[in-house]
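Asks: Pasting start38.csv below, which is CSV, C-alpha atoms.
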chain,number,residue,atom,x,y,z
A,1,MET,CA,-3.5,-152.0,-63.4
A,2,THR,CA,-3.1,-150.0,-60.3
A,3,THR,CA,-1.9,-146.5,-60.2
A,4,THR,CA,-0.2,-145.0,-57.3
A,5,PRO,CA,-0.4,-141.2,-56.7
A,6,ILE,CA,2.8,-139.4,-57.3
A,7,THR,CA,3.7,-137.5,-54.2
A,8,SER,CA,6.8,-135.7,-53.2
A,9,PRO,CA,8.3,-136.3,-49.8
A,10,ARG,CA,7.4,-132.7,-48.8
A,11,GLN,CA,3.8,-132.8,-49.9
A,12,PRO,CA,1.3,-132.3,-47.0
A,13,GLN,CA,-0.8,-135.2,-45.7
A,14,TRP,CA,-4.1,-133.8,-46.9
A,15,LYS,CA,-2.8,-133.5,-50.5
A,16,LYS,CA,-1.7,-137.2,-50.4
A,17,ASN,CA,-5.1,-138.2,-49.2
A,18,ARG,CA,-6.9,-136.1,-51.8
A,19,ASN,CA,-5.2,-138.0,-54.6
A,20,ASN,CA,-6.4,-141.3,-53.3
A,21,ILE,CA,-10.1,-140.3,-53.2
A,22,LYS,CA,-12.3,-142.0,-55.9
A,23,TYR,CA,-15.6,-140.5,-57.0
A,24,ASN,CA,-18.4,-142.8,-58.1
A,25,ILE,CA,-20.7,-141.0,-60.4
A,26,SER,CA,-22.0,-143.9,-62.4
A,27,SER,CA,-25.7,-144.6,-62.5
A,28,ASN,CA,-25.4,-148.2,-61.3
A,29,ASN,CA,-23.9,-147.2,-57.9
A,30,ASN,CA,-26.6,-144.5,-57.3
A,31,ASN,CA,-29.4,-147.1,-57.5
A,32,ASN,CA,-27.9,-149.1,-54.7
A,33,ASN,CA,-27.4,-146.0,-52.5
A,34,ASN,CA,-31.0,-144.8,-52.9
A,35,LYS,CA,-32.5,-147.9,-51.2
A,36,SER,CA,-30.9,-147.0,-47.9
A,37,LEU,CA,-31.5,-143.2,-48.0
A,38,PRO,CA,-34.9,-141.5,-47.7
A,39,SER,CA,-36.3,-139.9,-50.8
A,40,LEU,CA,-36.4,-136.2,-51.3
A,41,LYS,CA,-40.2,-136.2,-51.0
A,42,THR,CA,-39.9,-137.8,-47.5
A,43,ILE,CA,-37.3,-135.3,-46.4
A,44,SER,CA,-39.5,-132.5,-47.8
A,45,ASN,CA,-42.5,-133.7,-45.9
A,46,VAL,CA,-40.5,-134.0,-42.6
A,47,PHE,CA,-39.3,-130.4,-43.0
A,48,ALA,CA,-42.8,-129.2,-43.8
A,49,SER,CA,-44.2,-130.7,-40.6
A,50,LEU,CA,-41.3,-129.3,-38.6
A,51,SER,CA,-41.9,-125.9,-40.1
A,52,ALA,CA,-45.6,-126.1,-39.2
A,53,ILE,CA,-44.7,-127.1,-35.6
A,54,HIS,CA,-42.2,-124.3,-35.4
A,55,LYS,CA,-44.8,-121.7,-36.6
A,56,VAL,CA,-47.3,-122.9,-34.0
A,57,LYS,CA,-44.8,-122.7,-31.2
A,58,HIS,CA,-43.6,-119.3,-32.4
A,59,ASP,CA,-47.2,-118.0,-32.5
A,60,GLU,CA,-47.8,-119.3,-29.0
A,61,ASN,CA,-44.7,-117.7,-27.6
A,62,ASP,CA,-45.6,-114.5,-29.5
A,63,GLN,CA,-49.0,-114.4,-27.9
A,64,LYS,CA,-47.5,-114.9,-24.4
A,65,ILE,CA,-44.7,-112.3,-24.7
A,66,THR,CA,-46.1,-109.5,-27.0
A,67,PRO,CA,-48.7,-108.0,-24.7
A,68,PRO,CA,-46.5,-107.6,-21.7
A,69,LEU,CA,-43.7,-106.2,-23.8
A,70,GLN,CA,-46.1,-103.7,-25.5
A,71,SER,CA,-47.3,-102.6,-22.1
A,72,ILE,CA,-43.7,-102.0,-20.9
A,73,GLU,CA,-42.9,-100.2,-24.1
A,74,TRP,CA,-45.9,-97.8,-23.6
A,75,THR,CA,-44.9,-97.2,-20.0
A,76,LEU,CA,-41.3,-96.4,-21.1
A,77,LYS,CA,-42.7,-94.0,-23.7
A,78,SER,CA,-44.8,-92.2,-21.1
A,79,ALA,CA,-41.9,-92.1,-18.7
A,80,ARG,CA,-39.7,-90.6,-21.4
A,81,LEU,CA,-42.3,-88.0,-22.2
A,82,ALA,CA,-42.7,-87.1,-18.5
A,83,LEU,CA,-38.9,-86.7,-18.2
A,84,LYS,CA,-38.9,-84.5,-21.3
A,85,ARG,CA,-41.6,-82.3,-19.9
A,86,ARG,CA,-39.9,-82.1,-16.6
A,87,LYS,CA,-36.7,-81.0,-18.3
A,88,GLU,CA,-38.6,-78.3,-20.1
A,89,ARG,CA,-40.3,-77.1,-16.9
A,90,GLN,CA,-36.9,-77.1,-15.2
A,91,LEU,CA,-35.4,-75.0,-17.9
A,92,THR,CA,-38.3,-72.5,-17.6
A,93,TYR,CA,-37.9,-72.4,-13.8
A,94,ASN,CA,-34.2,-71.8,-14.1
A,95,THR,CA,-34.8,-69.0,-16.7
A,96,TYR,CA,-37.2,-67.3,-14.3
A,97,LEU,CA,-34.6,-67.6,-11.5
A,98,GLN,CA,-32.0,-66.0,-13.7
A,99,GLN,CA,-34.5,-63.2,-14.4
A,100,ILE,CA,-35.0,-62.7,-10.7
A,101,LYS,CA,-31.2,-62.4,-10.2
A,102,ASN,CA,-30.9,-59.9,-13.0
A,103,ARG,CA,-33.8,-57.8,-11.8
A,104,GLN,CA,-32.7,-57.9,-8.2
A,105,ALA,CA,-29.3,-56.6,-9.4
A,106,THR,CA,-31.0,-53.8,-11.3
A,107,VAL,CA,-33.1,-52.9,-8.2
A,108,ASP,CA,-29.9,-53.0,-6.0
A,109,LYS,CA,-28.1,-50.8,-8.5
A,110,LEU,CA,-30.9,-48.3,-8.6
A,111,ARG,CA,-31.0,-48.2,-4.7
A,112,HIS,CA,-27.2,-47.8,-4.6
A,113,ASN,CA,-27.4,-44.9,-7.1
A,114,ALA,CA,-30.2,-43.3,-5.1
A,115,ALA,CA,-28.2,-43.7,-1.9
A,116,ILE,CA,-25.1,-42.1,-3.4
A,117,ASN,CA,-27.1,-39.3,-5.1
A,118,PRO,CA,-29.6,-38.1,-2.5
A,119,GLN,CA,-31.3,-35.8,-5.0
A,120,HIS,CA,-34.6,-37.4,-5.8
A,121,THR,CA,-35.7,-37.1,-9.3
A,122,PRO,CA,-39.0,-38.2,-10.6
A,123,ASN,CA,-37.3,-40.3,-13.3
A,124,ALA,CA,-35.2,-42.2,-10.7
A,125,ASP,CA,-38.3,-43.0,-8.6
A,126,ALA,CA,-40.2,-44.2,-11.6
A,127,GLN,CA,-37.3,-46.4,-12.7
A,128,MET,CA,-37.1,-47.9,-9.2
A,129,ALA,CA,-40.8,-48.6,-9.1
A,130,ASN,CA,-40.7,-50.2,-12.5
A,131,ALA,CA,-37.7,-52.3,-11.5
A,132,GLN,CA,-39.5,-53.4,-8.3
A,133,THR,CA,-42.7,-54.3,-10.2
A,134,SER,CA,-40.8,-56.3,-12.8
A,135,LEU,CA,-38.9,-58.1,-9.9
A,136,ASP,CA,-42.2,-59.0,-8.2
A,137,ASN,CA,-43.7,-60.2,-11.5
A,138,ALA,CA,-40.6,-62.4,-12.1
A,139,ARG,CA,-41.0,-63.9,-8.6
A,140,GLN,CA,-44.6,-64.7,-9.2
A,141,LEU,CA,-43.8,-66.3,-12.5
A,142,ALA,CA,-40.9,-68.3,-10.9
A,143,ASN,CA,-43.3,-69.5,-8.2
A,144,LYS,CA,-45.8,-70.6,-10.8
A,145,ALA,CA,-43.0,-72.4,-12.7
A,146,LEU,CA,-41.9,-74.1,-9.5
A,147,GLU,CA,-45.4,-75.4,-8.9
A,148,GLU,CA,-45.5,-76.8,-12.5
A,149,LEU,CA,-42.1,-78.3,-12.0
A,150,ASP,CA,-43.2,-80.0,-8.8
A,151,GLU,CA,-46.3,-81.3,-10.6
A,152,VAL,CA,-44.4,-82.7,-13.5
A,153,SER,CA,-41.8,-84.2,-11.1
A,154,GLN,CA,-44.5,-86.1,-9.3
A,155,ARG,CA,-45.7,-87.5,-12.6
A,156,VAL,CA,-42.2,-88.7,-13.4
A,157,LEU,CA,-42.0,-90.4,-10.0
A,158,ARG,CA,-45.4,-92.1,-10.7
A,159,GLU,CA,-44.3,-93.2,-14.1
A,160,MET,CA,-41.1,-94.7,-12.7
A,161,ASP,CA,-43.0,-96.5,-10.0
A,162,ARG,CA,-45.4,-97.9,-12.6
A,163,LEU,CA,-42.5,-99.0,-14.8
A,164,LYS,CA,-40.8,-100.7,-11.9
A,165,ALA,CA,-44.1,-102.5,-11.0
A,166,GLU,CA,-44.6,-103.7,-14.6
A,167,VAL,CA,-41.0,-104.9,-14.9
A,168,ASP,CA,-41.2,-106.8,-11.6
A,169,GLU,CA,-44.3,-108.7,-12.8
Output the file's structure as structure tokens, nothing else.

Replies:
Amino acid sequence: MTTTPITSPRQPQWKKNRNNIKYNISSNNNNNNNKSLPSLKTISNVFASLSAIHKVKHDENDQKITPPLQSIEWTLKSARLALKRRKERQLTYNTYLQQIKNRQATVDKLRHNAAINPQHTPNADAQMANAQTSLDNARQLANKALEELDEVSQRVLREMDRLKAEVDE
């Protein structure tokens, strides 16, 4: 007795085909299929050997690539540290330059007041001397900060050259 699937004229093609599929789950048919397919043990052995080969290749590649990458990573870290230190020195130098501007303005203001008021008082002379001394100290500190900034800038340039050389290898 043959049964035909009942389909409506509007039913999609895949639904029509799904109704025609027959599933063989009986034990008699499985024995015939096992003779042509590899056993699970054989498949497992193949995958185990492929896994071992993959691990060996991975370890070889890791040994080739890891040391150069670590070297580049260390160089990058030292370059970042050098840039950070340069930024700190630049901030210090800019702070001293601003102090020089402020102290120069104070000295100019005291000179202007002394020129307007020709009466010399001991207090005005002491204030002008203190302002001039602090201006000179600020200039010395700014010169020292500029030297440190130049030194750190040279280090940044050396680190960048070293990084470029390592990347080009």

Asks: How far is it from CA of Thr106 (chain A) to CA of Gln127 (chain A), in Å with one decimal?

Replies: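 According to the coordinates, CA of Thr106 (chain A) and CA of Gln127 (chain A) are separated by 9.8 Å.
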
Asks: Can you tell me how far CA of Gln98 (chain A) sits from CA of Leu141 (chain A), in Å to one decimal?

Replies: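 These atoms are spaced 11.9 Å apart.
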
Asks: Can you tell me how far CA of Arg86 (chain A) sits from CA of Met160 (chain A), in Å to one decimal?

Replies: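 These atoms are spaced 13.2 Å apart.
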
Asks: From the list A:Ala124, A:Leu163, A:Ala138, A:Leu146, which residue is nearest Trp74 (chain A) when using only C-alpha atoms?

Replies: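 That would be A:Leu163, the residue with the smallest distance to Trp74 (chain A).
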
Asks: Might you pull out every residue within 10 Å of region 76-81 of chain A, with all atoms listed in the file counted and same-chain residues fewer than 6 positions away left off, and present them as an mmCIF file with C-alpha atoms, keeping the file's coordinate frame?

Replies:
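around-v4.cif was written with the following content:
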data_model
loop_
_atom_site.group_PDB
_atom_site.id
_atom_site.type_symbol
_atom_site.label_atom_id
_atom_site.label_comp_id
_atom_site.auth_asym_id
_atom_site.auth_seq_id
_atom_site.Cartn_x
_atom_site.Cartn_y
_atom_site.Cartn_z
ATOM 1 C CA GLN A 70 -46.100 -103.700 -25.500
ATOM 2 C CA LYS A 87 -36.700 -81.000 -18.300
ATOM 3 C CA ARG A 155 -45.700 -87.500 -12.600
ATOM 4 C CA VAL A 156 -42.200 -88.700 -13.400
ATOM 5 C CA LEU A 157 -42.000 -90.400 -10.000
ATOM 6 C CA ARG A 158 -45.400 -92.100 -10.700
ATOM 7 C CA GLU A 159 -44.300 -93.200 -14.100
ATOM 8 C CA MET A 160 -41.100 -94.700 -12.700
ATOM 9 C CA ASP A 161 -43.000 -96.500 -10.000
ATOM 10 C CA ARG A 162 -45.400 -97.900 -12.600
ATOM 11 C CA LEU A 163 -42.500 -99.000 -14.800
#

Asks: List every protein, DNA or RNA residue that has an atom no more than 12 Å from (-38.1, -70.9, -18.3) in the file's coordinate frame, counting only C-alpha atoms, and report them as a list in words.

Replies: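 Checking each residue against the 12 Å limit leaves Arg86, Lys87, Glu88, Arg89, Gln90, Leu91, Thr92, Tyr93, Asn94, Thr95, Tyr96, Leu97, Gln98, Gln99, Ile100, Ala138, Leu141, Ala142, Asn143, Lys144, Ala145, Leu146, Glu148 and Leu149 of chain A.
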